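What follows is a short report on a single structure.
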Amino acid sequence: SDAAGVFDALRMTHREDSDVVEVEVPGYRVDIEREVDLIEEVVRLQGYERVGAAIPRSPEPGGLPEGYAFARRVRDALVRTGLREAKPLPFVSEEDLALRGDRDAIPLANPLRAEEAWLRTRVLPGLLHTAARNQRWGTGSVSIFEVGTVFRSADPVEERRQAGFVLCGAAGEGWTADDREFDVLDARGVVEALLEDLGVARWALGEALAEPFH
């Protein structure tokens, strides 16, 4: 075969069996470790112009899995509302869990910080910490969101995506912006824009769940 001729030229011992060529790689060719390295040798000697330009079709369907694609839609929609994406670490403290009384969090065997020894059950604590940190640094307006995975203790472990956002500080930026703080109407506007972008026509705001919400 053509490939066998290449290995003859390279003085590599080989054996043909139908359309299979077994090659014994000399010890001094330390650059050849895998089958693809042998293929490269064949192509190099035969000429790269003999390699077709067409990309073979994948046997698997393309595109993102449905869950990832939807999460991207939510991210894009929230960005269009003017929010900035935050990506806090998914670890929380006992105080964070107590914010909503969650008792089914998963403990970490080797936490990065001793006080954050649990996997988060909600995205809200991380967003609140990020907002507070920005305010300590002197940021006058914070409008952030996250679309991330939360975890619950179960058999098997329950993982699901959750979206959340935080608004605090000045509602506008620049000299011409209105001199006011973010309020519940701004938050409702974000929710309305998100749901409209996702094609949700009928929805309603319910009563506050419990403290600290109102």
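Starting from 1 in every chain, residues are counted up; chains themselves are A, B, ... following the order of the structure tokens, and ligands are numbered from 1 as listed.
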task: Pick out each residue of range 12-183 of chain A that DSSP on the backbone tags as helix (DSSP H, G or I); I need them as a PyMOL selection string.
output: chain A and resi 35-46+48-50+66-80+94-98+124-136
For the residues selected in the previous step, produce a file with C-alpha atoms as a PDB file, in the first residue's frame.
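Heads up, here's the output in again_11.pdb:
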ATOM      1  CA  GLU A  35      -1.193   6.505  15.773  1.00  0.00           C
ATOM      2  CA  VAL A  36      -1.743  10.108  14.704  1.00  0.00           C
ATOM      3  CA  ASP A  37       2.056  10.630  14.675  1.00  0.00           C
ATOM      4  CA  LEU A  38       2.407   7.801  12.131  1.00  0.00           C
ATOM      5  CA  ILE A  39      -0.387   9.304  10.040  1.00  0.00           C
ATOM      6  CA  GLU A  40       1.471  12.615  10.065  1.00  0.00           C
ATOM      7  CA  GLU A  41       4.595  10.871   8.750  1.00  0.00           C
ATOM      8  CA  VAL A  42       2.628   9.359   5.863  1.00  0.00           C
ATOM      9  CA  VAL A  43       1.067  12.698   4.957  1.00  0.00           C
ATOM     10  CA  ARG A  44       4.411  14.495   5.224  1.00  0.00           C
ATOM     11  CA  LEU A  45       6.104  12.199   2.739  1.00  0.00           C
ATOM     12  CA  GLN A  46       3.178  11.762   0.360  1.00  0.00           C
ATOM     13  CA  TYR A  48      -0.143  17.584   2.126  1.00  0.00           C
ATOM     14  CA  GLU A  49      -1.870  18.433  -1.155  1.00  0.00           C
ATOM     15  CA  ARG A  50      -3.300  14.901  -1.161  1.00  0.00           C
ATOM     16  CA  GLU A  66     -31.115  22.198  25.551  1.00  0.00           C
ATOM     17  CA  GLY A  67     -30.357  23.187  29.150  1.00  0.00           C
ATOM     18  CA  TYR A  68     -27.188  25.068  28.229  1.00  0.00           C
ATOM     19  CA  ALA A  69     -28.897  26.795  25.321  1.00  0.00           C
ATOM     20  CA  PHE A  70     -31.699  28.036  27.581  1.00  0.00           C
ATOM     21  CA  ALA A  71     -29.220  29.277  30.196  1.00  0.00           C
ATOM     22  CA  ARG A  72     -27.463  31.249  27.453  1.00  0.00           C
ATOM     23  CA  ARG A  73     -30.795  32.782  26.405  1.00  0.00           C
ATOM     24  CA  VAL A  74     -31.412  33.894  29.989  1.00  0.00           C
ATOM     25  CA  ARG A  75     -27.902  35.381  30.256  1.00  0.00           C
ATOM     26  CA  ASP A  76     -28.269  37.252  26.980  1.00  0.00           C
ATOM     27  CA  ALA A  77     -31.680  38.584  28.007  1.00  0.00           C
ATOM     28  CA  LEU A  78     -30.393  39.855  31.359  1.00  0.00           C
ATOM     29  CA  VAL A  79     -27.408  41.514  29.676  1.00  0.00           C
ATOM     30  CA  ARG A  80     -29.843  43.335  27.403  1.00  0.00           C
ATOM     31  CA  GLU A  94     -23.778  28.770  57.563  1.00  0.00           C
ATOM     32  CA  GLU A  95     -24.948  32.388  57.828  1.00  0.00           C
ATOM     33  CA  ASP A  96     -25.688  32.401  54.103  1.00  0.00           C
ATOM     34  CA  LEU A  97     -27.743  29.228  54.444  1.00  0.00           C
ATOM     35  CA  ALA A  98     -29.620  30.709  57.393  1.00  0.00           C
ATOM     36  CA  LEU A 124     -28.518  35.071  46.033  1.00  0.00           C
ATOM     37  CA  PRO A 125     -25.884  35.000  48.843  1.00  0.00           C
ATOM     38  CA  GLY A 126     -23.016  35.193  46.366  1.00  0.00           C
ATOM     39  CA  LEU A 127     -24.662  38.103  44.566  1.00  0.00           C
ATOM     40  CA  LEU A 128     -25.230  39.963  47.841  1.00  0.00           C
ATOM     41  CA  HIS A 129     -21.595  39.484  48.865  1.00  0.00           C
ATOM     42  CA  THR A 130     -20.452  40.710  45.450  1.00  0.00           C
ATOM     43  CA  ALA A 131     -22.690  43.778  45.697  1.00  0.00           C
ATOM     44  CA  ALA A 132     -21.480  44.552  49.231  1.00  0.00           C
ATOM     45  CA  ARG A 133     -17.848  44.192  48.165  1.00  0.00           C
ATOM     46  CA  ASN A 134     -18.391  46.599  45.257  1.00  0.00           C
ATOM     47  CA  GLN A 135     -20.000  49.137  47.586  1.00  0.00           C
ATOM     48  CA  ARG A 136     -17.077  48.878  50.006  1.00  0.00           C
TER      49      ARG A 136
END
query: Near Pro111 in chain A, within 10 Å and counting only C-alpha atoms, which residues show up once chain neighbours fewer than 5 positions away are dropped, as a ChimeraX atom specification?
result: /A:91-92,116-119
Dump C-alpha atoms for the selected residues as a compact mmCIF listing (two decimals), in the first residue's frame?
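What follows is the written file again_2.txt:
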# COMPACT_ATOMS: atom_id res chain seq x y z
CA PHE A 91 -19.49 28.18 48.24
CA VAL A 92 -21.44 29.62 51.17
CA GLU A 116 -17.50 28.84 53.46
CA ALA A 117 -17.78 25.10 53.95
CA TRP A 118 -20.96 24.38 51.97
CA LEU A 119 -22.08 24.19 48.35
field: Shortest interatomic distance to Arg188 in chain A - which of A:Asp17, A:Thr81, A:Asp31, A:Arg160, counting only C-alpha atoms
entry: A:Thr81
query: Which value, in Å to one decimal, gives the distance between CA of Glu85 in chain A and CA of Asp197 in chain A?
result: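 Here the two named atoms are 17.2 Å from each other.
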- prompt: Tell me, which residues of range 55-173 of chain A carry DSSP strand (DSSP E or B), written as a PyMOL selection string?
  reply: chain A and resi 84-85+91-92+107+113+116+118-119+141-152+158-170
Could you save the residues just selected, with N, CA, C and O atoms, as a tab-separated table (two decimals), in the first residue's frame?
chain	number	residue	atom	x	y	z
A	84	ARG	N	-24.87	43.46	34.59
A	84	ARG	CA	-23.55	42.87	34.34
A	84	ARG	C	-23.50	41.50	35.01
A	84	ARG	O	-23.96	41.34	36.14
A	85	GLU	N	-22.89	40.55	34.32
A	85	GLU	CA	-22.84	39.19	34.86
A	85	GLU	C	-21.74	39.07	35.91
A	85	GLU	O	-20.61	39.50	35.70
A	91	PHE	N	-19.65	28.63	46.86
A	91	PHE	CA	-19.49	28.18	48.24
A	91	PHE	C	-20.13	29.21	49.18
A	91	PHE	O	-20.02	30.42	48.95
A	92	VAL	N	-20.74	28.72	50.24
A	92	VAL	CA	-21.44	29.62	51.17
A	92	VAL	C	-21.14	29.23	52.61
A	92	VAL	O	-20.63	28.14	52.89
A	107	PRO	N	-22.04	19.62	52.50
A	107	PRO	CA	-20.77	20.11	53.07
A	107	PRO	C	-19.60	19.78	52.16
A	107	PRO	O	-19.61	18.80	51.42
A	113	ARG	N	-12.12	28.18	52.12
A	113	ARG	CA	-12.15	29.03	53.32
A	113	ARG	C	-12.99	28.31	54.36
A	113	ARG	O	-14.06	27.79	54.06
A	116	GLU	N	-16.64	29.15	54.61
A	116	GLU	CA	-17.50	28.84	53.46
A	116	GLU	C	-17.36	27.36	53.15
A	116	GLU	O	-16.71	26.95	52.19
A	118	TRP	N	-19.78	25.02	52.54
A	118	TRP	CA	-20.96	24.38	51.97
A	118	TRP	C	-21.11	24.76	50.50
A	118	TRP	O	-20.74	25.86	50.10
A	119	LEU	N	-21.68	23.83	49.71
A	119	LEU	CA	-22.08	24.19	48.35
A	119	LEU	C	-23.37	25.00	48.44
A	119	LEU	O	-24.24	24.71	49.26
A	141	SER	N	-23.11	52.42	41.97
A	141	SER	CA	-24.25	51.73	41.36
A	141	SER	C	-23.88	50.29	41.07
A	141	SER	O	-22.87	50.04	40.40
A	142	VAL	N	-24.65	49.36	41.58
A	142	VAL	CA	-24.40	47.94	41.35
A	142	VAL	C	-25.64	47.30	40.75
A	142	VAL	O	-26.73	47.38	41.33
A	143	SER	N	-25.49	46.71	39.60
A	143	SER	CA	-26.61	46.00	38.95
A	143	SER	C	-26.03	44.74	38.31
A	143	SER	O	-25.46	44.78	37.22
A	144	ILE	N	-26.14	43.62	39.01
A	144	ILE	CA	-25.46	42.39	38.62
A	144	ILE	C	-26.44	41.22	38.60
A	144	ILE	O	-27.51	41.26	39.23
A	145	PHE	N	-26.07	40.17	37.87
A	145	PHE	CA	-26.88	38.96	37.84
A	145	PHE	C	-25.97	37.75	37.75
A	145	PHE	O	-24.78	37.86	37.44
A	146	GLU	N	-26.55	36.60	38.00
A	146	GLU	CA	-25.85	35.34	37.79
A	146	GLU	C	-26.83	34.29	37.33
A	146	GLU	O	-27.98	34.24	37.81
A	147	VAL	N	-26.41	33.46	36.40
A	147	VAL	CA	-27.12	32.24	36.04
A	147	VAL	C	-26.16	31.10	36.35
A	147	VAL	O	-25.16	30.93	35.66
A	148	GLY	N	-26.43	30.37	37.42
A	148	GLY	CA	-25.48	29.37	37.87
A	148	GLY	C	-26.16	28.14	38.44
A	148	GLY	O	-27.39	28.07	38.55
A	149	THR	N	-25.34	27.18	38.82
A	149	THR	CA	-25.84	25.91	39.35
A	149	THR	C	-25.91	25.96	40.87
A	149	THR	O	-25.00	26.46	41.52
A	150	VAL	N	-27.01	25.45	41.41
A	150	VAL	CA	-27.16	25.31	42.86
A	150	VAL	C	-27.31	23.83	43.19
A	150	VAL	O	-27.65	23.02	42.33
A	151	PHE	N	-27.07	23.48	44.44
A	151	PHE	CA	-26.97	22.08	44.83
A	151	PHE	C	-27.81	21.82	46.08
A	151	PHE	O	-27.88	22.64	46.98
A	152	ARG	N	-28.42	20.64	46.10
A	152	ARG	CA	-29.19	20.20	47.26
A	152	ARG	C	-28.82	18.75	47.58
A	152	ARG	O	-28.59	17.94	46.69
A	158	GLU	N	-28.92	16.70	43.94
A	158	GLU	CA	-29.77	17.51	43.06
A	158	GLU	C	-28.99	18.75	42.59
A	158	GLU	O	-28.50	19.52	43.41
A	159	GLU	N	-28.87	18.89	41.29
A	159	GLU	CA	-28.23	20.07	40.70
A	159	GLU	C	-29.23	20.71	39.73
A	159	GLU	O	-29.84	20.02	38.92
A	160	ARG	N	-29.37	22.02	39.85
A	160	ARG	CA	-30.23	22.72	38.89
A	160	ARG	C	-29.73	24.15	38.73
A	160	ARG	O	-29.02	24.68	39.58
A	161	ARG	N	-30.12	24.75	37.62
A	161	ARG	CA	-29.69	26.12	37.34
A	161	ARG	C	-30.69	27.09	37.94
A	161	ARG	O	-31.89	26.84	37.99
A	162	GLN	N	-30.15	28.22	38.35
A	162	GLN	CA	-30.97	29.25	38.96
A	162	GLN	C	-30.45	30.61	38.50
A	162	GLN	O	-29.24	30.79	38.32
A	163	ALA	N	-31.36	31.55	38.31
A	163	ALA	CA	-30.98	32.91	37.93
A	163	ALA	C	-31.38	33.86	39.05
A	163	ALA	O	-32.40	33.66	39.72
A	164	GLY	N	-30.58	34.87	39.25
A	164	GLY	CA	-30.88	35.89	40.25
A	164	GLY	C	-30.19	37.18	39.89
A	164	GLY	O	-29.23	37.19	39.11
A	165	PHE	N	-30.68	38.29	40.44
A	165	PHE	CA	-30.01	39.57	40.20
A	165	PHE	C	-30.15	40.46	41.42
A	165	PHE	O	-31.04	40.26	42.26
A	166	VAL	N	-29.27	41.44	41.51
A	166	VAL	CA	-29.25	42.39	42.62
A	166	VAL	C	-29.07	43.79	42.05
A	166	VAL	O	-28.21	44.02	41.20
A	167	LEU	N	-29.89	44.72	42.54
A	167	LEU	CA	-29.76	46.13	42.20
A	167	LEU	C	-29.58	46.92	43.48
A	167	LEU	O	-30.34	46.73	44.43
A	168	CYS	N	-28.60	47.80	43.53
A	168	CYS	CA	-28.44	48.65	44.71
A	168	CYS	C	-27.65	49.89	44.33
A	168	CYS	O	-26.87	49.89	43.37
A	169	GLY	N	-27.89	50.95	45.06
A	169	GLY	CA	-27.19	52.20	44.80
A	169	GLY	C	-27.92	53.06	43.80
A	169	GLY	O	-29.14	52.95	43.62
A	170	ALA	N	-27.16	53.92	43.12
A	170	ALA	CA	-27.75	54.87	42.18
A	170	ALA	C	-28.30	54.14	40.96
A	170	ALA	O	-27.67	53.25	40.41
query: So what do you get for CA of Ala114 in chain A versus CA of Pro90 in chain A, distance-wise?
result: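 Between CA of Ala114 in chain A and CA of Pro90 in chain A the gap works out to 14.1 Å.
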What's the 8 Å shell around Ala4 in chain A, counting only C-alpha atoms, without same-chain residues fewer than 4 positions away, as a compact mmCIF listing (two decimals) with all heavy atoms, in the first residue's frame?
# COMPACT_ATOMS: atom_id res chain seq x y z
N ASP A 8 8.59 1.95 4.43
CA ASP A 8 9.83 1.41 3.84
C ASP A 8 10.87 2.51 3.70
O ASP A 8 12.05 2.32 4.02
CB ASP A 8 9.52 0.81 2.46
CG ASP A 8 8.83 -0.54 2.55
OD1 ASP A 8 9.02 -1.23 3.58
OD2 ASP A 8 8.09 -0.89 1.61
N HIS A 14 7.44 -3.04 9.46
CA HIS A 14 5.97 -3.01 9.48
C HIS A 14 5.43 -4.31 8.91
O HIS A 14 6.13 -5.07 8.22
CB HIS A 14 5.45 -1.82 8.68
CG HIS A 14 5.87 -1.84 7.24
ND1 HIS A 14 7.10 -1.38 6.82
CD2 HIS A 14 5.24 -2.29 6.12
CE1 HIS A 14 7.20 -1.52 5.51
NE2 HIS A 14 6.09 -2.08 5.06
N GLU A 16 1.69 -5.82 7.06
CA GLU A 16 0.36 -5.50 6.52
C GLU A 16 -0.58 -6.67 6.72
O GLU A 16 -0.19 -7.83 6.53
CB GLU A 16 0.45 -5.17 5.02
CG GLU A 16 1.21 -3.90 4.69
CD GLU A 16 1.14 -3.58 3.22
OE1 GLU A 16 0.04 -3.24 2.73
OE2 GLU A 16 2.20 -3.71 2.55
N VAL A 21 -2.03 -1.71 8.87
CA VAL A 21 -0.56 -1.74 8.85
C VAL A 21 -0.06 -1.59 10.29
O VAL A 21 -0.36 -0.60 10.96
CB VAL A 21 0.02 -0.60 7.98
CG1 VAL A 21 1.55 -0.66 7.99
CG2 VAL A 21 -0.51 -0.68 6.56
